[in-house]
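Enquirer: Before I ask anything, here is the structure I am working with.
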Amino acid sequence: MIGRWLGRPVNRAQRTSPLAGLRTPPSAGVLSCRVLDPVNEPVVHAEFAVSDSMGRKVVSGGMDPFGSFVTTVPAGEYRLAVSAEGYTPYRATATVGENTLASLGDVTLQVARPPELPAPGDWEIEPAHSSIAFTARHIGLARIHGRFNSFAGAIRIGDRVEQSAMHVLIDAASIDTNVRMRDDHLRSADFLDVRQYPTLEFYSDRFVHKGGNRWAVTGALSLHGVTRTVTLDTEYLGLGNGMEGETRAACRATTELRRDDFTVSWQTMLARGIAVVGPSIRIDLDVQIVPKG
């Protein structure tokens, strides 16, 4: 009271406590960390995952604008994994006590070596270990997941990867959403019209390195009698060896197609004002390639 009368600030223990602003449940504590790059700048796009001693994921998420995270977990022993594009993953263990802050302080991520690129020459997609999948919304509500079961592709890797080219051919009738009636309708003239347009084709004309293991592969996609420019956001996963010792390269890629760009519509329902399929369709590719021949 005297301090308040004299206008002097009153020191309160909870104001200096690292948990003063956090309300933790009983038997819980707080785990925190700040993630920096080698020049001490925050890695704001890093992601963290916290697992218990049995390896079960407890919580995961991203960093704040300062490269930090703070999370509440039950008291116990934990394993922390921090990862970010272009950096070597960081792993540590931490003990979190009841109503205490377990801070790992500043963690510095080291720049990762880029994965070895495929050798120049002719390669082909290995269908048994590759997939072309898609996700669309049904009547603006639930997501529908599907795939194409039959496809082939050839890639010519240039002396510089930027000079490479790719051709992919997809059997439109192989569309599969695990519901026969729906698949038959998707093959009909209302949608893909597979009798008139039996294939989807993609020809790449540009490979652009975006940094780290990220690439942009741009080309022409022909679907339903219409050709549009499409860019695949591609993550190169590196080289490996198959069961018989053969060299393999792998990548993941995504893109988003606007259905109307390819005049793929359910005309009867659209005429009644019902959008059965959402306006955009997400494409996800997991691809392994092997040397041709």
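Labels used: A, B, ... for chains in the order of the structure tokens, numbers from 1 for residues in each chain, and numbers from 1 for ligands as shown.
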Within 12 Å of Ala119 in chain A, counting only C-alpha atoms, which residues show up once you throw out same-chain ones fewer than 4 positions away? Write them as a list in words, please.
Expert: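 Listing them by chain and then by number gives Trp123, Ile155, Arg156, Ile157, Gly158, Asp159, Arg160, Val161, Ser164, Gly238, Leu239, Thr247, Arg248, Ala249, Ile289, Val290, Pro291 and Lys292 of chain A.
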Enquirer: Export, as an mmCIF file, in the first residue's frame, the selected residues with N, CA, C and O atoms.
Expert:
```
data_model
loop_
_atom_site.group_PDB
_atom_site.id
_atom_site.type_symbol
_atom_site.label_atom_id
_atom_site.label_comp_id
_atom_site.auth_asym_id
_atom_site.auth_seq_id
_atom_site.Cartn_x
_atom_site.Cartn_y
_atom_site.Cartn_z
ATOM 1 N N TRP A 123 14.721 -41.292 -68.546
ATOM 2 C CA TRP A 123 14.127 -41.961 -67.395
ATOM 3 C C TRP A 123 12.643 -42.178 -67.675
ATOM 4 O O TRP A 123 12.077 -41.541 -68.571
ATOM 5 N N ILE A 155 10.804 -38.994 -68.874
ATOM 6 C CA ILE A 155 11.522 -37.766 -68.494
ATOM 7 C C ILE A 155 12.912 -37.808 -69.110
ATOM 8 O O ILE A 155 13.622 -38.812 -68.979
ATOM 9 N N ARG A 156 13.284 -36.770 -69.791
ATOM 10 C CA ARG A 156 14.648 -36.630 -70.290
ATOM 11 C C ARG A 156 15.362 -35.602 -69.426
ATOM 12 O O ARG A 156 15.053 -34.409 -69.459
ATOM 13 N N ILE A 157 16.315 -36.063 -68.622
ATOM 14 C CA ILE A 157 17.079 -35.175 -67.750
ATOM 15 C C ILE A 157 18.223 -34.570 -68.559
ATOM 16 O O ILE A 157 19.046 -35.291 -69.135
ATOM 17 N N GLY A 158 18.259 -33.247 -68.615
ATOM 18 C CA GLY A 158 19.294 -32.566 -69.367
ATOM 19 C C GLY A 158 20.603 -32.476 -68.605
ATOM 20 O O GLY A 158 20.676 -32.781 -67.397
ATOM 21 N N ASP A 159 21.667 -32.048 -69.295
ATOM 22 C CA ASP A 159 22.949 -31.839 -68.628
ATOM 23 C C ASP A 159 22.793 -30.832 -67.490
ATOM 24 O O ASP A 159 23.474 -30.919 -66.469
ATOM 25 N N ARG A 160 21.935 -29.866 -67.692
ATOM 26 C CA ARG A 160 21.451 -29.001 -66.618
ATOM 27 C C ARG A 160 19.983 -29.357 -66.411
ATOM 28 O O ARG A 160 19.217 -29.424 -67.371
ATOM 29 N N VAL A 161 19.591 -29.614 -65.171
ATOM 30 C CA VAL A 161 18.224 -30.071 -64.916
ATOM 31 C C VAL A 161 17.207 -29.074 -65.464
ATOM 32 O O VAL A 161 16.118 -29.453 -65.897
ATOM 33 N N SER A 164 15.595 -30.008 -68.722
ATOM 34 C CA SER A 164 14.901 -31.292 -68.792
ATOM 35 C C SER A 164 13.502 -31.131 -69.385
ATOM 36 O O SER A 164 12.965 -30.024 -69.502
ATOM 37 N N GLY A 238 15.246 -36.940 -53.831
ATOM 38 C CA GLY A 238 16.578 -37.523 -53.912
ATOM 39 C C GLY A 238 16.614 -38.874 -54.601
ATOM 40 O O GLY A 238 15.627 -39.368 -55.158
ATOM 41 N N LEU A 239 17.814 -39.490 -54.557
ATOM 42 C CA LEU A 239 18.076 -40.780 -55.196
ATOM 43 C C LEU A 239 18.076 -41.899 -54.174
ATOM 44 O O LEU A 239 18.369 -41.695 -52.999
ATOM 45 N N THR A 247 18.785 -47.850 -59.645
ATOM 46 C CA THR A 247 18.731 -46.463 -59.198
ATOM 47 C C THR A 247 17.333 -45.908 -59.392
ATOM 48 O O THR A 247 16.702 -46.128 -60.426
ATOM 49 N N ARG A 248 16.862 -45.181 -58.396
ATOM 50 C CA ARG A 248 15.556 -44.540 -58.463
ATOM 51 C C ARG A 248 15.682 -43.096 -57.991
ATOM 52 O O ARG A 248 16.507 -42.792 -57.134
ATOM 53 N N ALA A 249 14.844 -42.240 -58.555
ATOM 54 C CA ALA A 249 14.706 -40.869 -58.063
ATOM 55 C C ALA A 249 13.236 -40.650 -57.736
ATOM 56 O O ALA A 249 12.354 -41.254 -58.358
ATOM 57 N N ILE A 289 11.000 -42.442 -60.538
ATOM 58 C CA ILE A 289 11.458 -42.677 -61.911
ATOM 59 C C ILE A 289 12.697 -43.567 -61.883
ATOM 60 O O ILE A 289 13.457 -43.569 -60.915
ATOM 61 N N VAL A 290 12.849 -44.345 -62.946
ATOM 62 C CA VAL A 290 13.990 -45.243 -63.105
ATOM 63 C C VAL A 290 14.598 -45.011 -64.479
ATOM 64 O O VAL A 290 13.913 -44.552 -65.398
ATOM 65 N N PRO A 291 15.877 -45.311 -64.663
ATOM 66 C CA PRO A 291 16.475 -45.151 -65.980
ATOM 67 C C PRO A 291 15.739 -45.996 -67.015
ATOM 68 O O PRO A 291 15.389 -47.151 -66.767
ATOM 69 N N LYS A 292 15.493 -45.438 -68.170
ATOM 70 C CA LYS A 292 14.750 -46.150 -69.212
ATOM 71 C C LYS A 292 15.562 -47.297 -69.749
ATOM 72 O O LYS A 292 16.746 -47.163 -70.047
#
```
Enquirer: If you run DSSP over the backbone, which residues in range 152-266 of chain A end up helix (DSSP H, G or I)? Put them as a short mmCIF file (atom, residue, chain, number, x, y, z; two decimals) with N, CA and C atoms, in the first residue's frame.
Expert:
```cif
data_model
loop_
_atom_site.label_atom_id
_atom_site.label_comp_id
_atom_site.auth_asym_id
_atom_site.auth_seq_id
_atom_site.Cartn_x
_atom_site.Cartn_y
_atom_site.Cartn_z
N VAL A 161 19.59 -29.61 -65.17
CA VAL A 161 18.22 -30.07 -64.92
C VAL A 161 17.21 -29.07 -65.46
N GLU A 162 17.56 -27.79 -65.49
CA GLU A 162 16.65 -26.79 -66.04
C GLU A 162 16.33 -27.05 -67.51
N GLN A 163 17.15 -27.84 -68.19
CA GLN A 163 16.92 -28.15 -69.61
C GLN A 163 16.15 -29.46 -69.79
N ALA A 172 -7.84 -41.71 -69.06
CA ALA A 172 -8.96 -41.04 -68.38
C ALA A 172 -9.95 -42.04 -67.81
N ALA A 173 -10.15 -43.18 -68.48
CA ALA A 173 -11.12 -44.17 -68.01
C ALA A 173 -10.67 -44.88 -66.74
N SER A 174 -9.42 -44.69 -66.34
CA SER A 174 -8.92 -45.37 -65.14
C SER A 174 -9.22 -44.58 -63.87
N ARG A 180 -18.42 -47.14 -57.74
CA ARG A 180 -18.58 -47.48 -59.15
C ARG A 180 -19.56 -46.56 -59.87
N MET A 181 -20.72 -46.29 -59.27
CA MET A 181 -21.70 -45.43 -59.93
C MET A 181 -21.13 -44.04 -60.19
N ARG A 182 -20.41 -43.50 -59.21
CA ARG A 182 -19.81 -42.17 -59.38
C ARG A 182 -18.73 -42.20 -60.45
N ASP A 183 -17.91 -43.25 -60.47
CA ASP A 183 -16.85 -43.34 -61.47
C ASP A 183 -17.43 -43.44 -62.88
N ASP A 184 -18.50 -44.21 -63.04
CA ASP A 184 -19.15 -44.30 -64.36
C ASP A 184 -19.66 -42.94 -64.80
N HIS A 185 -20.19 -42.17 -63.84
CA HIS A 185 -20.67 -40.84 -64.19
C HIS A 185 -19.51 -39.90 -64.55
N LEU A 186 -18.40 -40.00 -63.83
CA LEU A 186 -17.25 -39.16 -64.14
C LEU A 186 -16.68 -39.49 -65.53
N ARG A 187 -16.83 -40.72 -65.97
CA ARG A 187 -16.35 -41.10 -67.30
C ARG A 187 -17.29 -40.64 -68.41
N ARG A 259 -11.84 -26.28 -62.58
CA ARG A 259 -12.65 -27.16 -63.41
C ARG A 259 -13.16 -26.44 -64.66
N ASP A 260 -13.59 -25.20 -64.49
CA ASP A 260 -14.15 -24.47 -65.63
C ASP A 260 -13.11 -24.17 -66.71
N ASP A 261 -11.82 -24.12 -66.34
CA ASP A 261 -10.78 -23.88 -67.34
C ASP A 261 -10.75 -24.99 -68.38
N PHE A 262 -11.20 -26.17 -67.98
CA PHE A 262 -11.17 -27.32 -68.89
C PHE A 262 -12.58 -27.74 -69.31
#
```
Enquirer: Write out as a list in words the residues lying within 6 Å of Ala154 in chain A, counting only C-alpha atoms and excluding same-chain residues fewer than 2 positions away.
Expert: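 Using only C-alpha atoms, the neighbours found are Trp123, Glu124, Met166 and His167 of chain A.
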Enquirer: Restricted to N, CA, C and O atoms, what would the selected residues look like written as an mmCIF file, in the first residue's frame?
Expert:
```
data_model
loop_
_atom_site.group_PDB
_atom_site.id
_atom_site.type_symbol
_atom_site.label_atom_id
_atom_site.label_comp_id
_atom_site.auth_asym_id
_atom_site.auth_seq_id
_atom_site.Cartn_x
_atom_site.Cartn_y
_atom_site.Cartn_z
ATOM 1 N N TRP A 123 14.721 -41.292 -68.546
ATOM 2 C CA TRP A 123 14.127 -41.961 -67.395
ATOM 3 C C TRP A 123 12.643 -42.178 -67.675
ATOM 4 O O TRP A 123 12.077 -41.541 -68.571
ATOM 5 N N GLU A 124 12.021 -43.067 -66.910
ATOM 6 C CA GLU A 124 10.586 -43.291 -67.060
ATOM 7 C C GLU A 124 9.936 -43.461 -65.698
ATOM 8 O O GLU A 124 10.583 -43.886 -64.731
ATOM 9 N N MET A 166 9.493 -33.448 -69.805
ATOM 10 C CA MET A 166 8.698 -34.562 -69.313
ATOM 11 C C MET A 166 7.415 -34.678 -70.116
ATOM 12 O O MET A 166 6.829 -33.679 -70.541
ATOM 13 N N HIS A 167 6.992 -35.923 -70.347
ATOM 14 C CA HIS A 167 5.714 -36.204 -71.007
ATOM 15 C C HIS A 167 4.992 -37.276 -70.199
ATOM 16 O O HIS A 167 5.527 -38.356 -69.969
#
```
Enquirer: With distances taken over only C-alpha atoms, which residue among A:Thr100, A:Thr231, A:Ser51, A:Thr108 lies nearest Leu80 in chain A?
Expert: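 Using only C-alpha atoms, Leu80 in chain A sits closest to A:Ser51.
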Enquirer: To one decimal in Å, tell me the separation between CA of Thr93 in chain A and CA of Val59 in chain A.
Expert: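 That distance, rounded to one decimal, is 14.5 Å.
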Enquirer: Fewer than 5 positions away in the same chain doesn't count, so skip those; otherwise give me all residues within 12 Å of Asp171 in chain A, counting only C-alpha atoms, as a PyMOL selection string.
Expert: chain A and resi 132+147-153+176+187+192-195+197-201+223
Enquirer: Determine, using only C-alpha atoms, which residues of range 65-174 of chain A have any atom at most 7 Å from an atom of range 32-44 of chain A, and tabulate each with its shortest atom pair and distance in Å to one decimal place, rows ordered by chain and then rising number, as CSV.
Expert:
```
residue,atom,partner,partner_atom,distance
A:Pro65,CA,A:Val44,CA,5.8
A:Phe66,CA,A:Pro42,CA,5.7
A:Gly67,CA,A:Val44,CA,4.5
A:Ser68,CA,A:Arg34,CA,4.1
A:Phe69,CA,A:Ser32,CA,5.6
A:Val70,CA,A:Ser32,CA,4.4
A:Thr71,CA,A:Ser32,CA,6.4
A:Ala102,CA,A:Ser32,CA,6.4
A:Ser103,CA,A:Ser32,CA,4.8
A:Leu104,CA,A:Cys33,CA,5.1
A:Gly105,CA,A:Cys33,CA,5.3
A:Asp106,CA,A:Arg34,CA,4.8
A:Val107,CA,A:Val35,CA,4.9
A:Thr108,CA,A:Leu36,CA,4.8
A:Leu109,CA,A:Asp37,CA,5.3
A:Gln110,CA,A:Pro38,CA,6.3
```
Enquirer: Among range 24-271 of chain A, which residues does DSSP mark as strand (DSSP E) when it is run on the backbone? Keep the chain and numbering as in the structure and answer as a ChimeraX atom specification.
Expert: /A:28-36,47-52,57-62,68-74,76-83,90-96,101-108,121-125,131-137,143-148,151-157,165-171,175-176,199-211,214-223,226-241,247-258
Enquirer: Which one is closest to Ala46 in chain A: A:Phe134, A:Tyr87, A:Tyr236, A:Tyr78? Count only C-alpha atoms.
Expert: A:Tyr87
Enquirer: Nearest to Val30 in chain A among A:Ser60, A:Thr95, A:Ser131, A:Ser83, with distances taken over only C-alpha atoms: which residue is it?
Expert: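 Answer, going by the shortest atom-to-atom distance: A:Thr95.
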Enquirer: Excluding Ala253 in chain A and its own-chain neighbours fewer than 4 positions away, which residues fall within 6 Å of it when counting only C-alpha atoms? Please give them as a PyMOL selection string.
Expert: chain A and resi 232-234+284-285
Enquirer: Can you pull out the residues contacting Trp215 in chain A? Cut-off 7 Å, using only C-alpha atoms, and skip same-chain residues under 3 positions away; I want them as a VMD selection string.
Expert: chain A and resid 207 to 210 233 to 235
Enquirer: Could you save the residues just selected, with all heavy atoms, as an mmCIF file, in the first residue's frame?
Expert:
```cif
data_model
loop_
_atom_site.group_PDB
_atom_site.id
_atom_site.type_symbol
_atom_site.label_atom_id
_atom_site.label_comp_id
_atom_site.auth_asym_id
_atom_site.auth_seq_id
_atom_site.Cartn_x
_atom_site.Cartn_y
_atom_site.Cartn_z
ATOM 1 N N PHE A 207 11.732 -26.301 -66.328
ATOM 2 C CA PHE A 207 12.062 -26.699 -64.962
ATOM 3 C C PHE A 207 12.774 -25.512 -64.313
ATOM 4 O O PHE A 207 13.801 -25.051 -64.822
ATOM 5 C CB PHE A 207 13.002 -27.907 -64.948
ATOM 6 C CG PHE A 207 12.339 -29.237 -65.192
ATOM 7 C CD1 PHE A 207 11.631 -29.487 -66.359
ATOM 8 C CD2 PHE A 207 12.429 -30.249 -64.254
ATOM 9 C CE1 PHE A 207 11.035 -30.712 -66.599
ATOM 10 C CE2 PHE A 207 11.836 -31.487 -64.470
ATOM 11 C CZ PHE A 207 11.132 -31.712 -65.654
ATOM 12 N N VAL A 208 12.249 -25.011 -63.215
ATOM 13 C CA VAL A 208 12.841 -23.845 -62.545
ATOM 14 C C VAL A 208 13.170 -24.221 -61.103
ATOM 15 O O VAL A 208 12.293 -24.690 -60.360
ATOM 16 C CB VAL A 208 11.887 -22.634 -62.566
ATOM 17 C CG1 VAL A 208 12.501 -21.473 -61.795
ATOM 18 C CG2 VAL A 208 11.567 -22.227 -63.998
ATOM 19 N N HIS A 209 14.436 -24.027 -60.714
ATOM 20 C CA HIS A 209 14.852 -24.321 -59.346
ATOM 21 C C HIS A 209 14.404 -23.191 -58.438
ATOM 22 O O HIS A 209 14.749 -22.024 -58.650
ATOM 23 C CB HIS A 209 16.374 -24.482 -59.292
ATOM 24 C CG HIS A 209 16.870 -24.977 -57.972
ATOM 25 N ND1 HIS A 209 18.094 -24.633 -57.442
ATOM 26 C CD2 HIS A 209 16.283 -25.799 -57.053
ATOM 27 C CE1 HIS A 209 18.249 -25.221 -56.274
ATOM 28 N NE2 HIS A 209 17.170 -25.922 -56.014
ATOM 29 N N LYS A 210 13.638 -23.517 -57.390
ATOM 30 C CA LYS A 210 13.107 -22.510 -56.474
ATOM 31 C C LYS A 210 13.923 -22.404 -55.195
ATOM 32 O O LYS A 210 13.587 -21.643 -54.304
ATOM 33 C CB LYS A 210 11.651 -22.850 -56.120
ATOM 34 C CG LYS A 210 10.758 -23.059 -57.326
ATOM 35 C CD LYS A 210 10.591 -21.808 -58.149
ATOM 36 C CE LYS A 210 9.692 -20.812 -57.482
ATOM 37 N NZ LYS A 210 9.416 -19.622 -58.325
ATOM 38 N N ASP A 233 4.098 -27.594 -58.321
ATOM 39 C CA ASP A 233 4.967 -27.246 -57.185
ATOM 40 C C ASP A 233 5.610 -28.548 -56.725
ATOM 41 O O ASP A 233 4.945 -29.397 -56.125
ATOM 42 C CB ASP A 233 4.141 -26.606 -56.084
ATOM 43 C CG ASP A 233 4.989 -26.221 -54.885
ATOM 44 O OD1 ASP A 233 6.238 -26.224 -54.996
ATOM 45 O OD2 ASP A 233 4.412 -25.943 -53.815
ATOM 46 N N THR A 234 6.907 -28.708 -56.976
ATOM 47 C CA THR A 234 7.558 -30.012 -56.871
ATOM 48 C C THR A 234 8.613 -30.017 -55.774
ATOM 49 O O THR A 234 9.416 -29.087 -55.661
ATOM 50 C CB THR A 234 8.212 -30.393 -58.214
ATOM 51 O OG1 THR A 234 7.215 -30.340 -59.241
ATOM 52 C CG2 THR A 234 8.811 -31.780 -58.166
ATOM 53 N N GLU A 235 8.598 -31.088 -54.987
ATOM 54 C CA GLU A 235 9.621 -31.317 -53.969
ATOM 55 C C GLU A 235 10.432 -32.541 -54.389
ATOM 56 O O GLU A 235 9.905 -33.655 -54.471
ATOM 57 C CB GLU A 235 8.983 -31.572 -52.609
ATOM 58 C CG GLU A 235 9.988 -31.849 -51.506
ATOM 59 C CD GLU A 235 9.337 -32.224 -50.184
ATOM 60 O OE1 GLU A 235 8.101 -32.387 -50.157
ATOM 61 O OE2 GLU A 235 10.075 -32.364 -49.186
#
```
Enquirer: Please provide as a list of chain:residue names all residues within 7 Å of Ser204 in chain A, with the sequence filter that same-chain residues fewer than 3 positions apart are discarded (counting only C-alpha atoms).
Expert: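 Returned residues: A:Ala165, A:Met166, A:His167, A:Val217, A:Thr218, A:Gly219, A:Ala220.
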